[in-house]
Amino acid sequence: MQAINEKIKAIYGFDFPQDFFDFHDFLIQNDQIKKDIGDSMDFSFGEVFKIFDRKTSLDSFDPISNSRYYNDPPEFFTLVYGGTDGLHYGYYVDDPGKMPYPIAGYYARDAFQIHIAGHNLFHFLYQEIENSIESHEENKEYDPEEKEWYEKQIEKLKLVTKRLDQFCERYDLDKQAFYKRGLGYTRNTIAKTRDDMGIVMPKEQYIPLSSKDNFLALYNYQPTKSEVKAMMLEAEDLFNQGYIGATFKLGKDLWIYSEFQQESVDLLEKSYEALNRPTLIKLLDFRRNRSASKLEAYQKALAKPEEHTYLFLTYSNLDSIPEDIIQLKDHLISLRIGGNNLKDLPAAIGALDQLNFLSLAENHFEKIPESVYALQQLEHLDISNNPISFIDKKIIQLNSLKELIIGHKELVDFPKWICRIPNLSTLKITRSKLSNLPSNFNALLNLKHLDIETRSALDIQAKDLSSLTTLHTLIFKQTQNNSDEDLFNFPRPFATLKNLEELEINHNLINGSWEGLEQLKESLTSLRLSSYQMESYPKEIFQLKALKKLDISLTRVKVLPADILNLSQLEEIRFYGNQLEEIPLNLDQLPHLKKLQLDRNNLSDEIKNHLRKQFEGKIELNI
């Protein structure tokens, strides 16, 4: 957790509040929570939450570049996405380092009006659930044919609220402070701005401009160049007298006008520097680069293609890619155009002879564009979060493809042609509704990394996996609806993967039989399980004698058995956020132990003091 804290501060320039970490724990305690929130409210969670994923490399992790919309002010830090018109929510950080930070939201592709949506993430979620339930109740009356569907969504949201109550009770969190409607949140704004958020700064440093404030008086106000010039001259004069607020407010008011982008950035940079808010100055640089991604950066690449082997055009509101991209054919090796409004690509894309990395994620493609099939050097293709339900046989033409990422709720049948890509070593399928694997799945003879997330019950047969002798990492997430009485049994076909080194299973119910897991005792070095419903650790775990990393978090388990001492190769133990009350007191007998994480459990002070005496200064200890 300390490494995560440090990385967040390095990226954002300030510490995130505790509700961010608590909220993450709430989301992952049960996969059904995120699914129900996604289905019933059309919400998804931002890139920053990926920092908790053990597969994320903290050295290269940079959520800001993939999470900011073009019009996001520097104070806005995205946490949650809605499903329409660029709706998103995040911390609104007026002065980094001075908590608390409220949750704000706005529609990036609609009117630029930002509003406070909660005084922390829990309060925000509670209010959005309440609003969604009210909306579903109203829609039942106006759309009786869909009444049953609306009632199902309401029940899902009530279950989320129940889980939220249980979570807060479990960790002694103040539910009233989290989500009691009416508590509100007061920001000490000293002047209103066009985006409705105002400015926060010492009151004595603000004097308004002498001219009428048309940014507030006229909804569709379009300032002229002469008006802006006159306002800037007066604001700068006031700034020189010590009244920072005039430049600050004007910079905020001009933010939405693309023709006055440079003026806005210059005014805000001067204001943030005077107010000692360096973190926000860095985000101004991002605004400069973001606006360049559509025009300036692209034009620079065309002017000097030999100097631009990487091109980033993500989240740039692009509706098309120009044909003159062909000018980059001899040098461009990586192209990221995710998060746009693209439905097709020009034929020129197929002429990019050197391209080996292509990300098309989060667009509107209904099929893989024809030009992609011509990319004979392509090694990495990400087409996830596009409404693609079928993949054409032509994908087998991508002979160099090593990594493929696909997935969308429209994907119900596994695309069998994928299994004929000769050199595929990494396959990731996200947010799908797969129910079975194709008969030729075991033809993926070079597959090393497999990551499958499905919202249906996935039927896996031993014959599907028997030939995958190169597979060393398997991540399996299954989030179909279950009742608390249902059981999840360890998929026995997994036991046929004799060379499997890393296994992660995430399911909302893990209380069934784990027979077969012990057959991986010679190969498995890393095991990660997560399920809020788990009440005891499967005994088969303690037969995995090659295990070096063991991560079982957010369960109901109260006792860690002494059998863990059988795992003599263990280097890392992570039992974060369980309900452990008893643990073996001789964990120091594990000769290779380097990391022990037991925080957010119910251990007594006596046990904690014992662990400190054993391990402090010797290993990484979190209790």
# chains A, B, ... in the order shown; residues from 1 in each chain; ligands from 1

$ select_by_dssp --residues "stretch 82-296 of chain A" --states "strand (DSSP E or B)" --output "ChimeraX atom specification"
/A:87-92,103-107,115-118,189-191,199-200

$ residues_around --residues "stretch 75-80 of chain A" --least-positions-apart "2" --cutoff "10 Å" --atoms "only C-alpha atoms" --output "MDAnalysis selection string"
chainID A and resid 12 20 43:49 63:64 66:69 71:73 82 87:96 103:105 114 121 279:280 283

$ residues_around --residues "stretch 597-605 of chain A" --least-positions-apart "2" --cutoff "6 Å" --atoms "only C-alpha atoms" --output "MDAnalysis selection string"
chainID A and resid 574:581 607:608 621:623

$ write_last_selection --atoms "C-alpha atoms" --output "short mmCIF file (atom, residue, chain, number, x, y, z; two decimals), in the first residue's frame"
data_model
loop_
_atom_site.label_atom_id
_atom_site.label_comp_id
_atom_site.auth_asym_id
_atom_site.auth_seq_id
_atom_site.Cartn_x
_atom_site.Cartn_y
_atom_site.Cartn_z
CA ARG A 574 -0.96 -10.84 1.26
CA PHE A 575 -4.09 -11.38 3.36
CA TYR A 576 -5.38 -7.84 3.17
CA GLY A 577 -8.90 -6.95 4.33
CA ASN A 578 -10.00 -10.35 5.68
CA GLN A 579 -11.46 -10.91 9.14
CA LEU A 580 -8.47 -12.74 10.57
CA GLU A 581 -8.39 -13.02 14.35
CA ILE A 607 -0.49 -10.29 17.90
CA LYS A 608 0.52 -7.11 16.07
CA LEU A 621 5.48 -5.57 7.08
CA ASN A 622 1.97 -4.10 6.90
CA ILE A 623 -0.34 -4.80 9.82
#

$ atom_distance --atom1 "atom CA of A:Ile552" --atom2 "atom CA of A:Met534"
9.7 Å

$ residues_around --residues "stretch 247-250 of chain A" --least-positions-apart "4" --cutoff "9 Å" --atoms "only C-alpha atoms" --output "number ranges by chain"
A: 191-193, 198-199, 208-209, 231-232, 234-236, 238-239, 243, 254-255, 264, 267-272

$ closest_atom_pairs --of "stretch 437-514 of chain A" --to "stretch 404-411 of chain A" --cutoff "12 Å" --atoms "only C-alpha atoms" --output "CSV"
residue,atom,partner,partner_atom,distance
A:Leu447,CA,A:Leu404,CA,11.0
A:His449,CA,A:Leu404,CA,10.5
A:Leu450,CA,A:Leu404,CA,10.2
A:Asp451,CA,A:Ile405,CA,9.2
A:Ile452,CA,A:Gly407,CA,9.2
A:Glu453,CA,A:Gly407,CA,8.5
A:Thr454,CA,A:Lys409,CA,8.8
A:Arg455,CA,A:Lys409,CA,8.3
A:Ser456,CA,A:Lys409,CA,10.4

$ write_last_selection --atoms "N, CA, C and O atoms" --output "PDB file, in the first residue's frame"
ATOM      1  N   LEU A 447       0.366 -19.927 -26.586  1.00  0.00           N
ATOM      2  CA  LEU A 447      -0.265 -19.047 -25.603  1.00  0.00           C
ATOM      3  C   LEU A 447       0.444 -19.128 -24.251  1.00  0.00           C
ATOM      4  O   LEU A 447       0.619 -20.209 -23.694  1.00  0.00           O
ATOM      5  N   HIS A 449      -0.123 -16.243 -21.846  1.00  0.00           N
ATOM      6  CA  HIS A 449      -0.900 -15.445 -20.885  1.00  0.00           C
ATOM      7  C   HIS A 449      -2.354 -15.425 -21.345  1.00  0.00           C
ATOM      8  O   HIS A 449      -2.659 -14.978 -22.448  1.00  0.00           O
ATOM      9  N   LEU A 450      -3.265 -15.874 -20.484  1.00  0.00           N
ATOM     10  CA  LEU A 450      -4.694 -15.905 -20.800  1.00  0.00           C
ATOM     11  C   LEU A 450      -5.462 -15.199 -19.690  1.00  0.00           C
ATOM     12  O   LEU A 450      -5.329 -15.526 -18.513  1.00  0.00           O
ATOM     13  N   ASP A 451      -6.260 -14.214 -20.097  1.00  0.00           N
ATOM     14  CA  ASP A 451      -7.046 -13.414 -19.150  1.00  0.00           C
ATOM     15  C   ASP A 451      -8.478 -13.367 -19.685  1.00  0.00           C
ATOM     16  O   ASP A 451      -8.751 -12.760 -20.721  1.00  0.00           O
ATOM     17  N   ILE A 452      -9.400 -14.025 -18.990  1.00  0.00           N
ATOM     18  CA  ILE A 452     -10.796 -14.087 -19.439  1.00  0.00           C
ATOM     19  C   ILE A 452     -11.709 -13.531 -18.360  1.00  0.00           C
ATOM     20  O   ILE A 452     -11.670 -13.977 -17.206  1.00  0.00           O
ATOM     21  N   GLU A 453     -12.515 -12.558 -18.745  1.00  0.00           N
ATOM     22  CA  GLU A 453     -13.559 -12.039 -17.857  1.00  0.00           C
ATOM     23  C   GLU A 453     -14.899 -12.227 -18.567  1.00  0.00           C
ATOM     24  O   GLU A 453     -15.090 -11.780 -19.696  1.00  0.00           O
ATOM     25  N   THR A 454     -15.821 -12.910 -17.927  1.00  0.00           N
ATOM     26  CA  THR A 454     -17.125 -13.153 -18.521  1.00  0.00           C
ATOM     27  C   THR A 454     -18.219 -12.931 -17.495  1.00  0.00           C
ATOM     28  O   THR A 454     -18.030 -13.151 -16.304  1.00  0.00           O
ATOM     29  N   ARG A 455     -19.352 -12.478 -17.982  1.00  0.00           N
ATOM     30  CA  ARG A 455     -20.515 -12.246 -17.126  1.00  0.00           C
ATOM     31  C   ARG A 455     -21.507 -13.402 -17.234  1.00  0.00           C
ATOM     32  O   ARG A 455     -22.646 -13.278 -16.805  1.00  0.00           O
ATOM     33  N   SER A 456     -21.071 -14.503 -17.828  1.00  0.00           N
ATOM     34  CA  SER A 456     -21.892 -15.705 -17.921  1.00  0.00           C
ATOM     35  C   SER A 456     -21.139 -16.860 -17.279  1.00  0.00           C
ATOM     36  O   SER A 456     -19.952 -16.755 -16.981  1.00  0.00           O
TER      37      SER A 456
END

$ residues_around --residues "stretch 357-369 of chain A" --least-positions-apart "2" --cutoff "8 Å" --atoms "only C-alpha atoms" --output "count of residues only"
32

$ residues_around --residues "A:Gln18" --least-positions-apart "5" --cutoff "12 Å" --atoms "only C-alpha atoms" --output "ChimeraX atom specification"
/A:1,5,23-25,99-101,120-122,173

$ write_last_selection --atoms "all heavy atoms" --output "mmCIF file, in the first residue's frame"
data_model
loop_
_atom_site.group_PDB
_atom_site.id
_atom_site.type_symbol
_atom_site.label_atom_id
_atom_site.label_comp_id
_atom_site.auth_asym_id
_atom_site.auth_seq_id
_atom_site.Cartn_x
_atom_site.Cartn_y
_atom_site.Cartn_z
ATOM 1 N N MET A 1 0.828 -1.215 0.000
ATOM 2 C CA MET A 1 0.000 0.000 0.000
ATOM 3 C C MET A 1 0.859 1.260 0.000
ATOM 4 O O MET A 1 0.502 2.266 -0.609
ATOM 5 C CB MET A 1 -0.931 -0.014 1.221
ATOM 6 C CG MET A 1 -1.949 1.108 1.205
ATOM 7 S SD MET A 1 -3.058 1.030 -0.219
ATOM 8 C CE MET A 1 -3.995 -0.444 0.211
ATOM 9 N N ASN A 5 0.607 4.452 -2.541
ATOM 10 C CA ASN A 5 0.505 5.834 -2.080
ATOM 11 C C ASN A 5 1.585 6.709 -2.717
ATOM 12 O O ASN A 5 1.321 7.825 -3.178
ATOM 13 C CB ASN A 5 0.622 5.901 -0.554
ATOM 14 C CG ASN A 5 -0.639 5.447 0.140
ATOM 15 O OD1 ASN A 5 -1.726 5.531 -0.423
ATOM 16 N ND2 ASN A 5 -0.512 4.958 1.351
ATOM 17 N N PHE A 23 -12.984 2.953 -0.903
ATOM 18 C CA PHE A 23 -13.933 2.708 -1.983
ATOM 19 C C PHE A 23 -13.445 1.569 -2.875
ATOM 20 O O PHE A 23 -14.236 0.734 -3.310
ATOM 21 C CB PHE A 23 -14.115 3.982 -2.808
ATOM 22 C CG PHE A 23 -15.279 3.938 -3.755
ATOM 23 C CD1 PHE A 23 -16.574 4.062 -3.281
ATOM 24 C CD2 PHE A 23 -15.083 3.788 -5.115
ATOM 25 C CE1 PHE A 23 -17.655 4.026 -4.148
ATOM 26 C CE2 PHE A 23 -16.154 3.748 -5.997
ATOM 27 C CZ PHE A 23 -17.446 3.879 -5.503
ATOM 28 N N HIS A 24 -12.154 1.527 -3.140
ATOM 29 C CA HIS A 24 -11.608 0.415 -3.919
ATOM 30 C C HIS A 24 -11.860 -0.902 -3.206
ATOM 31 O O HIS A 24 -12.257 -1.902 -3.824
ATOM 32 C CB HIS A 24 -10.103 0.603 -4.136
ATOM 33 C CG HIS A 24 -9.422 -0.634 -4.632
ATOM 34 N ND1 HIS A 24 -8.716 -1.473 -3.789
ATOM 35 C CD2 HIS A 24 -9.376 -1.206 -5.867
ATOM 36 C CE1 HIS A 24 -8.256 -2.483 -4.492
ATOM 37 N NE2 HIS A 24 -8.637 -2.350 -5.747
ATOM 38 N N ASP A 25 -11.631 -0.926 -1.893
ATOM 39 C CA ASP A 25 -11.875 -2.147 -1.132
ATOM 40 C C ASP A 25 -13.331 -2.570 -1.237
ATOM 41 O O ASP A 25 -13.653 -3.760 -1.319
ATOM 42 C CB ASP A 25 -11.507 -1.936 0.338
ATOM 43 C CG ASP A 25 -10.011 -1.792 0.534
ATOM 44 O OD1 ASP A 25 -9.258 -2.090 -0.403
ATOM 45 O OD2 ASP A 25 -9.599 -1.370 1.627
ATOM 46 N N MET A 99 -7.163 18.812 1.950
ATOM 47 C CA MET A 99 -8.388 18.019 1.894
ATOM 48 C C MET A 99 -9.475 18.696 2.737
ATOM 49 O O MET A 99 -9.166 19.528 3.582
ATOM 50 C CB MET A 99 -8.108 16.613 2.398
ATOM 51 C CG MET A 99 -7.082 15.849 1.555
ATOM 52 S SD MET A 99 -6.947 14.145 2.115
ATOM 53 C CE MET A 99 -5.393 13.659 1.377
ATOM 54 N N PRO A 100 -10.748 18.246 2.552
ATOM 55 C CA PRO A 100 -11.219 17.175 1.672
ATOM 56 C C PRO A 100 -11.439 17.663 0.258
ATOM 57 O O PRO A 100 -11.488 18.861 -0.003
ATOM 58 C CB PRO A 100 -12.543 16.764 2.325
ATOM 59 C CG PRO A 100 -13.045 18.034 2.949
ATOM 60 C CD PRO A 100 -11.816 18.758 3.433
ATOM 61 N N TYR A 101 -11.588 16.687 -0.663
ATOM 62 C CA TYR A 101 -11.867 16.993 -2.051
ATOM 63 C C TYR A 101 -13.252 16.446 -2.400
ATOM 64 O O TYR A 101 -13.493 15.247 -2.257
ATOM 65 C CB TYR A 101 -10.834 16.340 -2.980
ATOM 66 C CG TYR A 101 -9.397 16.619 -2.610
ATOM 67 C CD1 TYR A 101 -8.470 15.592 -2.510
ATOM 68 C CD2 TYR A 101 -8.966 17.923 -2.357
ATOM 69 C CE1 TYR A 101 -7.145 15.842 -2.173
ATOM 70 C CE2 TYR A 101 -7.647 18.187 -2.023
ATOM 71 C CZ TYR A 101 -6.740 17.144 -1.925
ATOM 72 O OH TYR A 101 -5.435 17.392 -1.601
ATOM 73 N N ASN A 120 -17.683 12.843 -0.937
ATOM 74 C CA ASN A 120 -16.656 11.821 -1.096
ATOM 75 C C ASN A 120 -17.243 10.714 -1.965
ATOM 76 O O ASN A 120 -18.408 10.794 -2.385
ATOM 77 C CB ASN A 120 -16.151 11.283 0.252
ATOM 78 C CG ASN A 120 -17.272 10.687 1.083
ATOM 79 O OD1 ASN A 120 -18.117 9.966 0.573
ATOM 80 N ND2 ASN A 120 -17.290 11.004 2.362
ATOM 81 N N LEU A 121 -16.487 9.685 -2.267
ATOM 82 C CA LEU A 121 -16.947 8.657 -3.194
ATOM 83 C C LEU A 121 -18.152 7.880 -2.680
ATOM 84 O O LEU A 121 -19.032 7.493 -3.454
ATOM 85 C CB LEU A 121 -15.795 7.694 -3.501
ATOM 86 C CG LEU A 121 -14.818 8.178 -4.568
ATOM 87 C CD1 LEU A 121 -13.522 7.375 -4.524
ATOM 88 C CD2 LEU A 121 -15.443 8.104 -5.950
ATOM 89 N N PHE A 122 -18.212 7.642 -1.371
ATOM 90 C CA PHE A 122 -19.345 6.895 -0.826
ATOM 91 C C PHE A 122 -20.627 7.729 -0.891
ATOM 92 O O PHE A 122 -21.685 7.229 -1.245
ATOM 93 C CB PHE A 122 -19.045 6.475 0.616
ATOM 94 C CG PHE A 122 -18.022 5.388 0.722
ATOM 95 C CD1 PHE A 122 -16.681 5.686 0.809
ATOM 96 C CD2 PHE A 122 -18.391 4.051 0.721
ATOM 97 C CE1 PHE A 122 -15.725 4.685 0.909
ATOM 98 C CE2 PHE A 122 -17.461 3.043 0.815
ATOM 99 C CZ PHE A 122 -16.116 3.365 0.914
ATOM 100 N N LEU A 173 -16.799 2.355 9.510
ATOM 101 C CA LEU A 173 -16.860 3.615 8.780
ATOM 102 C C LEU A 173 -18.167 4.323 9.113
ATOM 103 O O LEU A 173 -19.202 3.696 9.295
ATOM 104 C CB LEU A 173 -16.773 3.373 7.272
ATOM 105 C CG LEU A 173 -15.517 2.631 6.818
ATOM 106 C CD1 LEU A 173 -15.554 2.399 5.311
ATOM 107 C CD2 LEU A 173 -14.271 3.406 7.181
#

$ residues_around --residues "stretch 583-588 of chain A" --least-positions-apart "3" --cutoff "10 Å" --atoms "only C-alpha atoms" --output "ChimeraX atom specification"
/A:558-565,580,591-593,596,598,603,607,610-611,614-615

$ write_last_selection --atoms "N, CA, C and O atoms" --output "compact mmCIF listing (two decimals), in the first residue's frame"
# COMPACT_ATOMS: atom_id res chain seq x y z
N LYS A 558 -11.54 -16.06 9.32
CA LYS A 558 -11.14 -15.57 10.64
C LYS A 558 -9.85 -16.24 11.16
O LYS A 558 -9.19 -15.68 12.03
N VAL A 559 -9.53 -17.40 10.61
CA VAL A 559 -8.38 -18.16 11.13
C VAL A 559 -7.45 -18.53 9.98
O VAL A 559 -7.88 -19.12 8.99
N LEU A 560 -6.18 -18.18 10.11
CA LEU A 560 -5.16 -18.61 9.17
C LEU A 560 -4.52 -19.87 9.73
O LEU A 560 -3.87 -19.83 10.78
N PRO A 561 -4.70 -21.01 9.08
CA PRO A 561 -4.21 -22.27 9.66
C PRO A 561 -2.69 -22.37 9.65
O PRO A 561 -2.00 -21.75 8.82
N ALA A 562 -2.17 -23.18 10.55
CA ALA A 562 -0.72 -23.39 10.65
C ALA A 562 -0.17 -24.09 9.41
O ALA A 562 1.05 -24.08 9.19
N ASP A 563 -1.07 -24.67 8.59
CA ASP A 563 -0.62 -25.35 7.38
C ASP A 563 0.13 -24.42 6.44
O ASP A 563 0.84 -24.90 5.53
N ILE A 564 0.00 -23.12 6.61
CA ILE A 564 0.70 -22.20 5.73
C ILE A 564 2.22 -22.38 5.85
O ILE A 564 2.97 -22.07 4.93
N LEU A 565 2.67 -22.95 6.98
CA LEU A 565 4.10 -23.18 7.18
C LEU A 565 4.62 -24.28 6.26
O LEU A 565 5.84 -24.44 6.10
N LEU A 580 -9.34 -11.88 9.78
CA LEU A 580 -8.47 -12.74 10.57
C LEU A 580 -8.38 -12.28 12.03
O LEU A 580 -8.11 -11.11 12.31
N PRO A 591 11.55 -19.39 5.60
CA PRO A 591 12.91 -18.88 5.42
C PRO A 591 13.07 -17.81 4.34
O PRO A 591 14.03 -17.04 4.38
N HIS A 592 12.15 -17.77 3.37
CA HIS A 592 12.30 -16.84 2.24
C HIS A 592 11.35 -15.66 2.31
O HIS A 592 11.30 -14.87 1.36
N LEU A 593 10.63 -15.52 3.39
CA LEU A 593 9.59 -14.48 3.48
C LEU A 593 10.21 -13.08 3.41
O LEU A 593 11.13 -12.75 4.14
N LEU A 596 4.94 -9.33 4.21
CA LEU A 596 3.79 -9.84 4.94
C LEU A 596 2.78 -8.71 5.10
O LEU A 596 3.07 -7.69 5.73
N LEU A 598 -0.99 -7.88 6.40
CA LEU A 598 -2.14 -8.35 7.18
C LEU A 598 -3.01 -7.19 7.65
O LEU A 598 -3.80 -7.35 8.58
N LEU A 603 -6.87 -8.47 13.98
CA LEU A 603 -5.82 -8.97 14.86
C LEU A 603 -5.71 -8.12 16.12
O LEU A 603 -5.85 -6.91 16.08
N ILE A 607 -1.02 -9.61 19.09
CA ILE A 607 -0.49 -10.29 17.90
C ILE A 607 0.30 -9.33 17.04
O ILE A 607 1.39 -9.65 16.53
N HIS A 610 3.65 -8.75 18.52
CA HIS A 610 4.48 -9.94 18.32
C HIS A 610 5.09 -9.94 16.91
O HIS A 610 6.29 -10.23 16.75
N LEU A 611 4.27 -9.60 15.91
CA LEU A 611 4.76 -9.57 14.53
C LEU A 611 5.81 -8.48 14.34
O LEU A 611 6.79 -8.67 13.61
N GLN A 614 9.03 -9.69 15.62
CA GLN A 614 9.62 -10.71 14.74
C GLN A 614 10.21 -10.12 13.46
O GLN A 614 11.28 -10.55 13.02
N PHE A 615 9.50 -9.16 12.86
CA PHE A 615 9.78 -8.83 11.47
C PHE A 615 10.23 -7.41 11.18
O PHE A 615 10.80 -7.16 10.10

$ closest_residue --among "A:Glu273, A:Asp85, A:Glu370, A:Asp42" --to "A:Asp110" --atoms "only C-alpha atoms"
A:Asp85

$ atom_distance --atom1 "atom CA of A:Phe490" --atom2 "atom CA of A:Glu582"
26.0 Å
